[in-house]
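S.K.: As input, take entry_28.pdb (PDB, C-alpha atoms):
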```pdb
ATOM      1  CA  MET A   1       1.697   2.903  43.500  1.00  0.00           C
ATOM      2  CA  ARG A   2       5.261   3.050  44.806  1.00  0.00           C
ATOM      3  CA  ALA A   3       6.238   0.124  42.599  1.00  0.00           C
ATOM      4  CA  LEU A   4       4.661   1.835  39.600  1.00  0.00           C
ATOM      5  CA  ALA A   5       6.430   5.097  40.390  1.00  0.00           C
ATOM      6  CA  ALA A   6       9.774   3.315  40.715  1.00  0.00           C
ATOM      7  CA  PHE A   7       9.175   1.576  37.415  1.00  0.00           C
ATOM      8  CA  MET A   8       8.382   4.882  35.690  1.00  0.00           C
ATOM      9  CA  VAL A   9      11.565   6.445  37.081  1.00  0.00           C
ATOM     10  CA  TRP A  10      13.544   3.477  35.751  1.00  0.00           C
ATOM     11  CA  ILE A  11      11.944   3.938  32.323  1.00  0.00           C
ATOM     12  CA  LEU A  12      12.812   7.642  32.296  1.00  0.00           C
ATOM     13  CA  VAL A  13      16.398   7.022  33.326  1.00  0.00           C
ATOM     14  CA  SER A  14      16.763   4.268  30.744  1.00  0.00           C
ATOM     15  CA  GLY A  15      15.314   6.522  28.076  1.00  0.00           C
ATOM     16  CA  CYS A  16      17.669   9.342  28.974  1.00  0.00           C
ATOM     17  CA  SER A  17      20.667   7.063  28.852  1.00  0.00           C
ATOM     18  CA  ALA A  18      19.919   6.209  25.254  1.00  0.00           C
ATOM     19  CA  GLY A  19      18.544   9.576  24.170  1.00  0.00           C
ATOM     20  CA  ASN A  20      19.555  13.201  23.953  1.00  0.00           C
ATOM     21  CA  PHE A  21      19.761  13.762  27.687  1.00  0.00           C
ATOM     22  CA  ALA A  22      22.606  11.356  28.388  1.00  0.00           C
ATOM     23  CA  PRO A  23      25.385  13.852  27.574  1.00  0.00           C
ATOM     24  CA  VAL A  24      24.399  15.962  30.609  1.00  0.00           C
ATOM     25  CA  VAL A  25      26.375  13.547  32.795  1.00  0.00           C
ATOM     26  CA  ASP A  26      29.606  15.192  31.627  1.00  0.00           C
ATOM     27  CA  ILE A  27      28.665  18.396  33.430  1.00  0.00           C
ATOM     28  CA  TYR A  28      27.895  16.491  36.620  1.00  0.00           C
ATOM     29  CA  GLY A  29      31.276  14.775  36.517  1.00  0.00           C
ATOM     30  CA  GLN A  30      29.758  11.307  36.154  1.00  0.00           C
ATOM     31  CA  GLU A  31      31.800  10.217  33.172  1.00  0.00           C
ATOM     32  CA  PRO A  32      34.348   7.384  33.697  1.00  0.00           C
ATOM     33  CA  LYS A  33      37.211   9.852  34.137  1.00  0.00           C
ATOM     34  CA  PRO A  34      35.722  12.983  35.721  1.00  0.00           C
ATOM     35  CA  ARG A  35      39.015  14.325  37.061  1.00  0.00           C
ATOM     36  CA  LYS A  36      42.180  15.353  35.283  1.00  0.00           C
ATOM     37  CA  VAL A  37      43.221  12.684  32.807  1.00  0.00           C
ATOM     38  CA  THR A  38      46.997  12.130  32.792  1.00  0.00           C
ATOM     39  CA  SER A  39      47.360   9.154  30.479  1.00  0.00           C
ATOM     40  CA  GLY A  40      46.541   8.269  26.898  1.00  0.00           C
ATOM     41  CA  THR A  41      46.170  10.520  23.878  1.00  0.00           C
ATOM     42  CA  HIS A  42      43.433  12.534  22.211  1.00  0.00           C
ATOM     43  CA  HIS A  43      43.010  12.617  18.439  1.00  0.00           C
ATOM     44  CA  VAL A  44      42.130  16.126  17.351  1.00  0.00           C
ATOM     45  CA  ARG A  45      38.897  16.406  15.405  1.00  0.00           C
ATOM     46  CA  GLU A  46      37.659  19.156  13.131  1.00  0.00           C
ATOM     47  CA  GLY A  47      36.552  22.201  15.104  1.00  0.00           C
ATOM     48  CA  GLU A  48      38.453  21.402  18.301  1.00  0.00           C
ATOM     49  CA  THR A  49      40.879  23.809  19.925  1.00  0.00           C
ATOM     50  CA  LEU A  50      43.558  23.238  22.540  1.00  0.00           C
ATOM     51  CA  TYR A  51      41.315  25.085  24.988  1.00  0.00           C
ATOM     52  CA  SER A  52      38.350  22.773  24.409  1.00  0.00           C
ATOM     53  CA  ILE A  53      40.539  19.679  24.720  1.00  0.00           C
ATOM     54  CA  ALA A  54      42.087  20.990  27.933  1.00  0.00           C
ATOM     55  CA  TRP A  55      38.573  21.731  29.219  1.00  0.00           C
ATOM     56  CA  ARG A  56      37.395  18.213  28.385  1.00  0.00           C
ATOM     57  CA  TYR A  57      40.208  16.487  30.283  1.00  0.00           C
ATOM     58  CA  GLY A  58      40.596  18.877  33.216  1.00  0.00           C
ATOM     59  CA  TRP A  59      43.909  20.384  32.114  1.00  0.00           C
ATOM     60  CA  ASP A  60      45.239  23.895  32.294  1.00  0.00           C
ATOM     61  CA  PHE A  61      45.704  24.767  28.620  1.00  0.00           C
ATOM     62  CA  ARG A  62      49.240  26.060  29.253  1.00  0.00           C
ATOM     63  CA  SER A  63      50.289  22.785  30.873  1.00  0.00           C
ATOM     64  CA  LEU A  64      48.764  20.768  28.049  1.00  0.00           C
ATOM     65  CA  ALA A  65      50.563  22.936  25.506  1.00  0.00           C
ATOM     66  CA  ARG A  66      53.898  22.477  27.291  1.00  0.00           C
ATOM     67  CA  ALA A  67      53.380  18.709  27.552  1.00  0.00           C
ATOM     68  CA  ASN A  68      52.964  18.569  23.778  1.00  0.00           C
ATOM     69  CA  ASN A  69      55.507  21.224  22.744  1.00  0.00           C
ATOM     70  CA  ILE A  70      52.786  23.403  21.245  1.00  0.00           C
ATOM     71  CA  PRO A  71      53.796  27.079  21.212  1.00  0.00           C
ATOM     72  CA  ALA A  72      51.412  30.035  21.387  1.00  0.00           C
ATOM     73  CA  PRO A  73      48.941  30.726  19.815  1.00  0.00           C
ATOM     74  CA  TYR A  74      48.366  26.978  20.386  1.00  0.00           C
ATOM     75  CA  THR A  75      47.359  26.033  16.858  1.00  0.00           C
ATOM     76  CA  ILE A  76      46.438  22.363  16.441  1.00  0.00           C
ATOM     77  CA  TYR A  77      45.303  20.316  13.443  1.00  0.00           C
ATOM     78  CA  PRO A  78      42.746  17.572  12.745  1.00  0.00           C
ATOM     79  CA  GLY A  79      44.396  14.181  13.088  1.00  0.00           C
ATOM     80  CA  GLN A  80      47.010  15.423  15.528  1.00  0.00           C
ATOM     81  CA  ARG A  81      47.543  13.385  18.687  1.00  0.00           C
ATOM     82  CA  ILE A  82      47.563  15.306  21.934  1.00  0.00           C
ATOM     83  CA  SER A  83      49.342  13.464  24.720  1.00  0.00           C
ATOM     84  CA  LEU A  84      47.631  13.529  28.084  1.00  0.00           C
ATOM     85  CA  GLY A  85      50.696  12.120  29.862  1.00  0.00           C
ATOM     86  CA  ILE A  86      52.688  14.659  31.864  1.00  0.00           C
ATOM     87  CA  LYS A  87      56.097  13.156  31.051  1.00  0.00           C
ATOM     88  CA  THR A  88      55.327  12.470  27.407  1.00  0.00           C
ATOM     89  CA  SER A  89      56.437  15.171  25.042  1.00  0.00           C
ATOM     90  CA  SER A  90      54.881  15.094  21.603  1.00  0.00           C
ATOM     91  CA  PRO A  91      54.320  11.661  20.045  1.00  0.00           C
ATOM     92  CA  VAL A  92      52.054  13.286  17.521  1.00  0.00           C
ATOM     93  CA  VAL A  93      51.985  11.914  14.032  1.00  0.00           C
ATOM     94  CA  ALA A  94      50.670  15.243  12.876  1.00  0.00           C
ATOM     95  CA  SER A  95      53.019  17.241  15.093  1.00  0.00           C
ATOM     96  CA  LYS A  96      55.994  16.691  12.816  1.00  0.00           C
ATOM     97  CA  PRO A  97      54.290  17.957   9.695  1.00  0.00           C
ATOM     98  CA  ALA A  98      52.626  20.590  11.829  1.00  0.00           C
ATOM     99  CA  THR A  99      55.933  21.921  13.159  1.00  0.00           C
ATOM    100  CA  SER A 100      57.527  21.671   9.756  1.00  0.00           C
ATOM    101  CA  SER A 101      54.592  23.463   8.208  1.00  0.00           C
ATOM    102  CA  THR A 102      54.650  26.213  10.791  1.00  0.00           C
ATOM    103  CA  LYS A 103      58.275  27.040  10.006  1.00  0.00           C
ATOM    104  CA  PRO A 104      57.786  27.818   6.330  1.00  0.00           C
ATOM    105  CA  ALA A 105      54.373  29.189   7.168  1.00  0.00           C
ATOM    106  CA  SER A 106      55.952  31.759   9.449  1.00  0.00           C
ATOM    107  CA  LYS A 107      57.552  33.407   6.421  1.00  0.00           C
ATOM    108  CA  PRO A 108      55.621  33.015   3.166  1.00  0.00           C
ATOM    109  CA  ALA A 109      52.358  31.611   4.539  1.00  0.00           C
ATOM    110  CA  VAL A 110      51.842  34.015   7.410  1.00  0.00           C
ATOM    111  CA  SER A 111      49.216  35.814   5.404  1.00  0.00           C
ATOM    112  CA  LYS A 112      47.304  32.557   4.893  1.00  0.00           C
ATOM    113  CA  LEU A 113      47.566  30.516   8.089  1.00  0.00           C
ATOM    114  CA  ALA A 114      48.544  33.055  10.687  1.00  0.00           C
ATOM    115  CA  SER A 115      46.616  35.968   9.257  1.00  0.00           C
ATOM    116  CA  LYS A 116      43.306  34.647  10.554  1.00  0.00           C
ATOM    117  CA  PRO A 117      44.205  34.212  14.236  1.00  0.00           C
ATOM    118  CA  ALA A 118      46.650  37.136  14.206  1.00  0.00           C
ATOM    119  CA  PRO A 119      44.132  39.952  13.700  1.00  0.00           C
ATOM    120  CA  ALA A 120      41.924  38.484  16.399  1.00  0.00           C
ATOM    121  CA  ALA A 121      44.883  38.093  18.737  1.00  0.00           C
ATOM    122  CA  LYS A 122      45.921  41.742  18.493  1.00  0.00           C
ATOM    123  CA  PRO A 123      42.679  43.401  19.551  1.00  0.00           C
ATOM    124  CA  ALA A 124      41.987  40.563  21.960  1.00  0.00           C
ATOM    125  CA  SER A 125      45.316  40.956  23.748  1.00  0.00           C
ATOM    126  CA  LYS A 126      44.058  43.919  25.762  1.00  0.00           C
ATOM    127  CA  PRO A 127      40.909  42.438  27.287  1.00  0.00           C
ATOM    128  CA  SER A 128      42.136  38.845  27.440  1.00  0.00           C
ATOM    129  CA  VAL A 129      45.378  39.458  29.354  1.00  0.00           C
ATOM    130  CA  THR A 130      44.952  41.150  32.690  1.00  0.00           C
ATOM    131  CA  THR A 131      47.479  42.173  35.304  1.00  0.00           C
ATOM    132  CA  GLY A 132      45.086  42.044  38.230  1.00  0.00           C
ATOM    133  CA  PRO A 133      42.084  40.038  39.368  1.00  0.00           C
ATOM    134  CA  VAL A 134      39.250  39.489  36.919  1.00  0.00           C
ATOM    135  CA  GLU A 135      36.187  41.654  37.601  1.00  0.00           C
ATOM    136  CA  TRP A 136      33.277  39.267  37.240  1.00  0.00           C
ATOM    137  CA  ARG A 137      29.639  40.021  36.530  1.00  0.00           C
ATOM    138  CA  TRP A 138      26.561  37.843  36.201  1.00  0.00           C
ATOM    139  CA  PRO A 139      26.273  36.154  32.790  1.00  0.00           C
ATOM    140  CA  ALA A 140      22.454  36.001  32.964  1.00  0.00           C
ATOM    141  CA  SER A 141      19.695  37.556  35.033  1.00  0.00           C
ATOM    142  CA  GLY A 142      17.835  34.402  36.026  1.00  0.00           C
ATOM    143  CA  GLU A 143      17.722  32.531  39.294  1.00  0.00           C
ATOM    144  CA  VAL A 144      20.413  30.047  40.317  1.00  0.00           C
ATOM    145  CA  VAL A 145      18.610  26.716  40.274  1.00  0.00           C
ATOM    146  CA  GLU A 146      21.598  24.419  40.809  1.00  0.00           C
ATOM    147  CA  SER A 147      24.803  25.101  42.711  1.00  0.00           C
ATOM    148  CA  PHE A 148      28.453  24.183  42.310  1.00  0.00           C
ATOM    149  CA  SER A 149      29.631  20.986  43.975  1.00  0.00           C
ATOM    150  CA  ASN A 150      33.084  19.559  44.664  1.00  0.00           C
ATOM    151  CA  ALA A 151      31.651  16.055  44.811  1.00  0.00           C
ATOM    152  CA  SER A 152      32.828  13.652  42.126  1.00  0.00           C
ATOM    153  CA  GLN A 153      29.306  13.591  40.703  1.00  0.00           C
ATOM    154  CA  GLY A 154      28.546  17.241  41.427  1.00  0.00           C
ATOM    155  CA  ARG A 155      27.920  20.086  39.012  1.00  0.00           C
ATOM    156  CA  LYS A 156      31.146  21.904  38.180  1.00  0.00           C
ATOM    157  CA  GLY A 157      29.427  25.228  37.746  1.00  0.00           C
ATOM    158  CA  ILE A 158      26.037  26.797  38.391  1.00  0.00           C
ATOM    159  CA  ALA A 159      22.762  26.527  36.478  1.00  0.00           C
ATOM    160  CA  ILE A 160      20.876  29.779  35.873  1.00  0.00           C
ATOM    161  CA  SER A 161      17.257  29.597  34.796  1.00  0.00           C
ATOM    162  CA  GLY A 162      15.668  31.781  32.158  1.00  0.00           C
ATOM    163  CA  ARG A 163      13.495  31.951  29.097  1.00  0.00           C
ATOM    164  CA  ARG A 164      14.613  30.815  25.700  1.00  0.00           C
ATOM    165  CA  ASN A 165      16.446  33.544  23.787  1.00  0.00           C
ATOM    166  CA  SER A 166      17.045  35.630  26.915  1.00  0.00           C
ATOM    167  CA  PRO A 167      20.518  37.242  26.744  1.00  0.00           C
ATOM    168  CA  VAL A 168      23.721  35.580  27.882  1.00  0.00           C
ATOM    169  CA  VAL A 169      26.568  38.039  28.417  1.00  0.00           C
ATOM    170  CA  ALA A 170      30.315  37.738  28.934  1.00  0.00           C
ATOM    171  CA  ALA A 171      31.067  37.595  32.648  1.00  0.00           C
ATOM    172  CA  ALA A 172      34.287  39.557  32.122  1.00  0.00           C
ATOM    173  CA  PRO A 173      36.371  40.999  29.266  1.00  0.00           C
ATOM    174  CA  GLY A 174      38.260  38.418  27.255  1.00  0.00           C
ATOM    175  CA  ARG A 175      38.630  36.513  24.027  1.00  0.00           C
ATOM    176  CA  VAL A 176      36.498  33.681  22.647  1.00  0.00           C
ATOM    177  CA  VAL A 177      38.724  30.596  22.400  1.00  0.00           C
ATOM    178  CA  TYR A 178      36.051  28.006  21.640  1.00  0.00           C
ATOM    179  CA  ARG A 179      32.667  28.025  19.962  1.00  0.00           C
ATOM    180  CA  GLY A 180      31.044  24.719  19.132  1.00  0.00           C
ATOM    181  CA  SER A 181      29.046  21.713  20.241  1.00  0.00           C
ATOM    182  CA  GLY A 182      31.812  19.109  20.348  1.00  0.00           C
ATOM    183  CA  LEU A 183      32.005  18.742  24.141  1.00  0.00           C
ATOM    184  CA  THR A 184      29.462  16.151  25.177  1.00  0.00           C
ATOM    185  CA  GLY A 185      26.922  17.416  27.664  1.00  0.00           C
ATOM    186  CA  TYR A 186      27.423  21.127  27.074  1.00  0.00           C
ATOM    187  CA  GLY A 187      25.343  21.622  23.943  1.00  0.00           C
ATOM    188  CA  ASN A 188      26.222  24.864  22.155  1.00  0.00           C
ATOM    189  CA  LEU A 189      29.200  26.035  24.156  1.00  0.00           C
ATOM    190  CA  LEU A 190      31.335  29.166  24.355  1.00  0.00           C
ATOM    191  CA  ILE A 191      34.638  29.334  26.240  1.00  0.00           C
ATOM    192  CA  ILE A 192      36.153  32.754  26.956  1.00  0.00           C
ATOM    193  CA  LYS A 193      39.733  33.313  28.042  1.00  0.00           C
ATOM    194  CA  HIS A 194      40.060  36.217  30.467  1.00  0.00           C
ATOM    195  CA  SER A 195      43.719  35.907  31.390  1.00  0.00           C
ATOM    196  CA  GLU A 196      46.488  33.330  31.470  1.00  0.00           C
ATOM    197  CA  ARG A 197      44.822  31.791  34.517  1.00  0.00           C
ATOM    198  CA  TRP A 198      41.098  32.297  34.069  1.00  0.00           C
ATOM    199  CA  LEU A 199      38.526  30.827  31.666  1.00  0.00           C
ATOM    200  CA  SER A 200      34.744  30.855  31.736  1.00  0.00           C
ATOM    201  CA  ALA A 201      32.200  28.686  29.906  1.00  0.00           C
ATOM    202  CA  TYR A 202      28.616  29.270  28.789  1.00  0.00           C
ATOM    203  CA  ALA A 203      26.711  26.093  27.909  1.00  0.00           C
ATOM    204  CA  HIS A 204      23.324  25.056  26.460  1.00  0.00           C
ATOM    205  CA  ASN A 205      23.051  28.201  24.339  1.00  0.00           C
ATOM    206  CA  ASP A 206      20.467  28.572  21.605  1.00  0.00           C
ATOM    207  CA  LYS A 207      22.208  31.104  19.366  1.00  0.00           C
ATOM    208  CA  MET A 208      25.876  32.017  19.689  1.00  0.00           C
ATOM    209  CA  MET A 209      26.581  35.579  18.632  1.00  0.00           C
ATOM    210  CA  VAL A 210      30.389  35.623  18.647  1.00  0.00           C
ATOM    211  CA  LYS A 211      33.031  33.535  16.926  1.00  0.00           C
ATOM    212  CA  GLU A 212      36.418  32.170  17.941  1.00  0.00           C
ATOM    213  CA  GLY A 213      39.031  34.897  18.177  1.00  0.00           C
ATOM    214  CA  ASP A 214      36.535  37.674  18.939  1.00  0.00           C
ATOM    215  CA  ALA A 215      37.443  40.096  21.705  1.00  0.00           C
ATOM    216  CA  VAL A 216      34.479  40.688  24.010  1.00  0.00           C
ATOM    217  CA  LYS A 217      33.743  43.218  26.714  1.00  0.00           C
ATOM    218  CA  GLY A 218      32.291  42.410  30.098  1.00  0.00           C
ATOM    219  CA  GLY A 219      28.517  42.540  29.819  1.00  0.00           C
ATOM    220  CA  GLN A 220      28.524  42.130  26.036  1.00  0.00           C
ATOM    221  CA  GLN A 221      25.876  39.719  24.780  1.00  0.00           C
ATOM    222  CA  VAL A 222      27.545  36.603  23.425  1.00  0.00           C
ATOM    223  CA  ALA A 223      24.620  34.185  23.132  1.00  0.00           C
ATOM    224  CA  THR A 224      20.964  33.543  23.817  1.00  0.00           C
ATOM    225  CA  MET A 225      19.812  31.070  26.430  1.00  0.00           C
ATOM    226  CA  GLY A 226      18.604  27.701  25.207  1.00  0.00           C
ATOM    227  CA  ALA A 227      18.280  24.023  26.011  1.00  0.00           C
ATOM    228  CA  SER A 228      20.883  22.469  23.706  1.00  0.00           C
ATOM    229  CA  GLY A 229      22.348  19.314  25.235  1.00  0.00           C
ATOM    230  CA  THR A 230      20.032  19.384  28.248  1.00  0.00           C
ATOM    231  CA  PHE A 231      16.421  18.946  29.332  1.00  0.00           C
ATOM    232  CA  ARG A 232      15.385  22.538  30.110  1.00  0.00           C
ATOM    233  CA  THR A 233      16.175  26.118  29.177  1.00  0.00           C
ATOM    234  CA  GLN A 234      19.125  27.174  31.315  1.00  0.00           C
ATOM    235  CA  LEU A 235      22.639  28.549  31.284  1.00  0.00           C
ATOM    236  CA  HIS A 236      25.327  26.297  32.699  1.00  0.00           C
ATOM    237  CA  PHE A 237      28.124  28.673  33.738  1.00  0.00           C
ATOM    238  CA  GLU A 238      31.610  27.626  34.787  1.00  0.00           C
ATOM    239  CA  ILE A 239      34.719  29.458  35.932  1.00  0.00           C
ATOM    240  CA  ARG A 240      38.067  27.671  35.820  1.00  0.00           C
ATOM    241  CA  LYS A 241      41.304  28.840  37.411  1.00  0.00           C
ATOM    242  CA  ASP A 242      44.443  27.136  36.075  1.00  0.00           C
ATOM    243  CA  GLY A 243      42.184  24.501  34.551  1.00  0.00           C
ATOM    244  CA  LYS A 244      40.349  23.670  37.796  1.00  0.00           C
ATOM    245  CA  PRO A 245      36.624  24.382  38.259  1.00  0.00           C
ATOM    246  CA  VAL A 246      35.880  26.865  41.055  1.00  0.00           C
ATOM    247  CA  ASP A 247      32.560  27.928  42.562  1.00  0.00           C
ATOM    248  CA  PRO A 248      31.326  30.932  40.547  1.00  0.00           C
ATOM    249  CA  MET A 249      29.352  32.152  43.568  1.00  0.00           C
ATOM    250  CA  GLY A 250      32.639  32.976  45.261  1.00  0.00           C
ATOM    251  CA  TYR A 251      33.517  35.400  42.450  1.00  0.00           C
ATOM    252  CA  LEU A 252      30.242  36.815  41.148  1.00  0.00           C
ATOM    253  CA  PRO A 253      28.974  39.994  42.859  1.00  0.00           C
ATOM    254  CA  LYS A 254      26.084  39.760  45.279  1.00  0.00           C
ATOM    255  CA  ARG A 255      22.711  40.597  43.785  1.00  0.00           C
TER
END
```
Could you express the structure from this file as structure tokens?

M.R.:
Amino acid sequence: MRALAAFMVWILVSGCSAGNFAPVVDIYGQEPKPRKVTSGTHHVREGETLYSIAWRYGWDFRSLARANNIPAPYTIYPGQRISLGIKTSSPVVASKPATSSTKPASKPAVSKLASKPAPAAKPASKPSVTTGPVEWRWPASGEVVESFSNASQGRKGIAISGRRNSPVVAAAPGRVVYRGSGLTGYGNLLIIKHSERWLSAYAHNDKMMVKEGDAVKGGQQVATMGASGTFRTQLHFEIRKDGKPVDPMGYLPKR
């Protein structure tokens, strides 16, 4: 029986490695480069933001922007190369046309290129930039079923159980800086910027009810709980300070 059980476990693991469950390893830090990546380049794809790229490689978005000479509001373009090397400035093929396009765009094309992020940036500037500590609240009402771990293969956030379509709320006021499913292992993911130091992430959502650039209030519903990119209905919740994952339990209020 033990041999049969071991064989069945092997089959399940093998199936997961080739199926939809394999991406979950990103969250557990089991990918080849789980820590901050400081070499190589990333080619920007459609739908990516500087925040999502920084999240993927363990960077603080401000440091990544400085390393690539990308000014606020950190606009990037498909095909652009983002250097992950600290000493490398901007070897981007697309960075030259991007910088040249931003100069003329700042005058005649502001209404076209900058008009979209600009309106979102104005109302979002109040809740997304704080002068004091962030006041956190629980993003979902379920039970914590998996805890944060500093181990190389540990979960870099907490898993909160719940029923499908139960509400997921913003853990603090801020601005949505990423909405998409391009980060392997996170499924439908939202990233909210709360200040220049703090970001939070909400993964495995079913429906996402806000878009990039939206200003959100603490406690505002931003998504519904789902099982995208994972094997069960849950919310994977992360808090990052200066690009580094921290244990959310040290910041969330006691229930």

S.K.: Exactly which residues make up the result of the PyMOL selection byres ((chain A and resi 39) around 9) on this file, given as JSON, numbers by chain?

M.R.: {"A": [37, 38, 40, 41, 83, 84, 85, 86]}

S.K.: Okay, now the selection with C-alpha atoms, as an mmCIF file, in the coordinates of the input?

M.R.:
```cif
data_model
loop_
_atom_site.group_PDB
_atom_site.id
_atom_site.type_symbol
_atom_site.label_atom_id
_atom_site.label_comp_id
_atom_site.auth_asym_id
_atom_site.auth_seq_id
_atom_site.Cartn_x
_atom_site.Cartn_y
_atom_site.Cartn_z
ATOM 1 C CA VAL A 37 43.221 12.684 32.807
ATOM 2 C CA THR A 38 46.997 12.130 32.792
ATOM 3 C CA GLY A 40 46.541 8.269 26.898
ATOM 4 C CA THR A 41 46.170 10.520 23.878
ATOM 5 C CA SER A 83 49.342 13.464 24.720
ATOM 6 C CA LEU A 84 47.631 13.529 28.084
ATOM 7 C CA GLY A 85 50.696 12.120 29.862
ATOM 8 C CA ILE A 86 52.688 14.659 31.864
#
```

S.K.: Just say which residues the PyMOL selection byres ((chain A and resi 224-241) around 8) picks in this file, as a ChimeraX atom specification.

M.R.: /A:20-21,23-24,139-140,156-168,184-188,197-209,221-223,242-248

S.K.: Which residues fall under the PyMOL selection byres ((chain A and resi 63-66) around 9) in this file, as a tab-separated table (two decimals) with C-alpha atoms, in the frame of the given file?

M.R.:
```tsv
chain	number	residue	atom	x	y	z
A	50	LEU	CA	43.56	23.24	22.54
A	53	ILE	CA	40.54	19.68	24.72
A	54	ALA	CA	42.09	20.99	27.93
A	59	TRP	CA	43.91	20.38	32.11
A	60	ASP	CA	45.24	23.90	32.29
A	61	PHE	CA	45.70	24.77	28.62
A	62	ARG	CA	49.24	26.06	29.25
A	67	ALA	CA	53.38	18.71	27.55
A	68	ASN	CA	52.96	18.57	23.78
A	69	ASN	CA	55.51	21.22	22.74
A	70	ILE	CA	52.79	23.40	21.24
A	71	PRO	CA	53.80	27.08	21.21
A	72	ALA	CA	51.41	30.04	21.39
A	74	TYR	CA	48.37	26.98	20.39
A	82	ILE	CA	47.56	15.31	21.93
A	83	SER	CA	49.34	13.46	24.72
A	84	LEU	CA	47.63	13.53	28.08
A	86	ILE	CA	52.69	14.66	31.86
A	89	SER	CA	56.44	15.17	25.04
A	242	ASP	CA	44.44	27.14	36.08
```

S.K.: Have a look at atom CA of A:Glu143 and atom CA of A:Lys217 and let me know their distance in Å, one decimal.

M.R.: 23.0 Å

S.K.: Please measure the separation of atom CA of A:Arg137 and atom CA of A:Tyr57, giving the value in Å to one decimal.

M.R.: 26.5 Å

S.K.: What separation in Å, quoted to one decimal, exists between atom CA of A:Val134 and atom CA of A:His194?

M.R.: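 Result for atom CA of A:Val134 versus atom CA of A:His194: 7.3 Å, one decimal.
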
S.K.: Could you work out an axis-aligned box for stretch 139-156 of chain A, taking every atom the file lists and adding 4 Å on each side, and report centre and edge lengths in Å to one decimal, as lines of an AutoDock Vina configuration file?

M.R.:
```
center_x = 25.4
center_y = 25.6
center_z = 38.8
size_x = 23.4
size_y = 32.0
size_z = 20.0
```

S.K.: Which residue, A:His42, A:Trp136, A:Thr49, A:Trp55, has the smallest gap to A:Gln80 when you use only C-alpha atoms?

M.R.: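 Nearest to A:Gln80: A:His42.
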
S.K.: Keeping C-alpha atoms (and nothing else), can you write stretch 51-85 of chain A of this structure as a short mmCIF file (atom, residue, chain, number, x, y, z; two decimals), in the first residue's frame?

M.R.:
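Saved result, result_30.cif, follows:
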```cif
data_model
loop_
_atom_site.label_atom_id
_atom_site.label_comp_id
_atom_site.auth_asym_id
_atom_site.auth_seq_id
_atom_site.Cartn_x
_atom_site.Cartn_y
_atom_site.Cartn_z
CA TYR A 51 5.71 47.46 -10.93
CA SER A 52 4.89 43.95 -12.14
CA ILE A 53 8.41 43.47 -13.51
CA ALA A 54 9.94 44.69 -10.25
CA TRP A 55 7.62 42.31 -8.38
CA ARG A 56 8.65 39.38 -10.57
CA TYR A 57 12.39 39.87 -9.99
CA GLY A 58 12.35 41.00 -6.36
CA TRP A 59 13.22 44.64 -7.03
CA ASP A 60 12.03 47.83 -5.44
CA PHE A 61 10.33 49.59 -8.36
CA ARG A 62 12.18 52.85 -7.62
CA SER A 63 15.56 51.12 -7.78
CA LEU A 64 14.64 49.37 -11.01
CA ALA A 65 13.50 52.68 -12.50
CA ARG A 66 16.76 54.38 -11.50
CA ALA A 67 18.84 51.52 -12.91
CA ASN A 68 17.13 52.01 -16.27
CA ASN A 69 16.79 55.81 -16.28
CA ILE A 70 13.01 55.59 -16.31
CA PRO A 71 11.41 58.70 -14.80
CA ALA A 72 8.04 58.84 -13.04
CA PRO A 73 5.31 57.86 -13.84
CA TYR A 74 7.46 54.89 -14.96
CA THR A 75 5.95 54.37 -18.39
CA ILE A 76 7.42 51.43 -20.31
CA TYR A 77 6.71 49.99 -23.76
CA PRO A 78 6.40 46.52 -25.32
CA GLY A 79 9.74 45.45 -26.73
CA GLN A 80 11.73 47.58 -24.31
CA ARG A 81 14.61 45.91 -22.49
CA ILE A 82 14.74 46.41 -18.75
CA SER A 83 18.20 45.86 -17.32
CA LEU A 84 18.35 43.87 -14.11
CA GLY A 85 22.01 44.77 -13.53
#
```
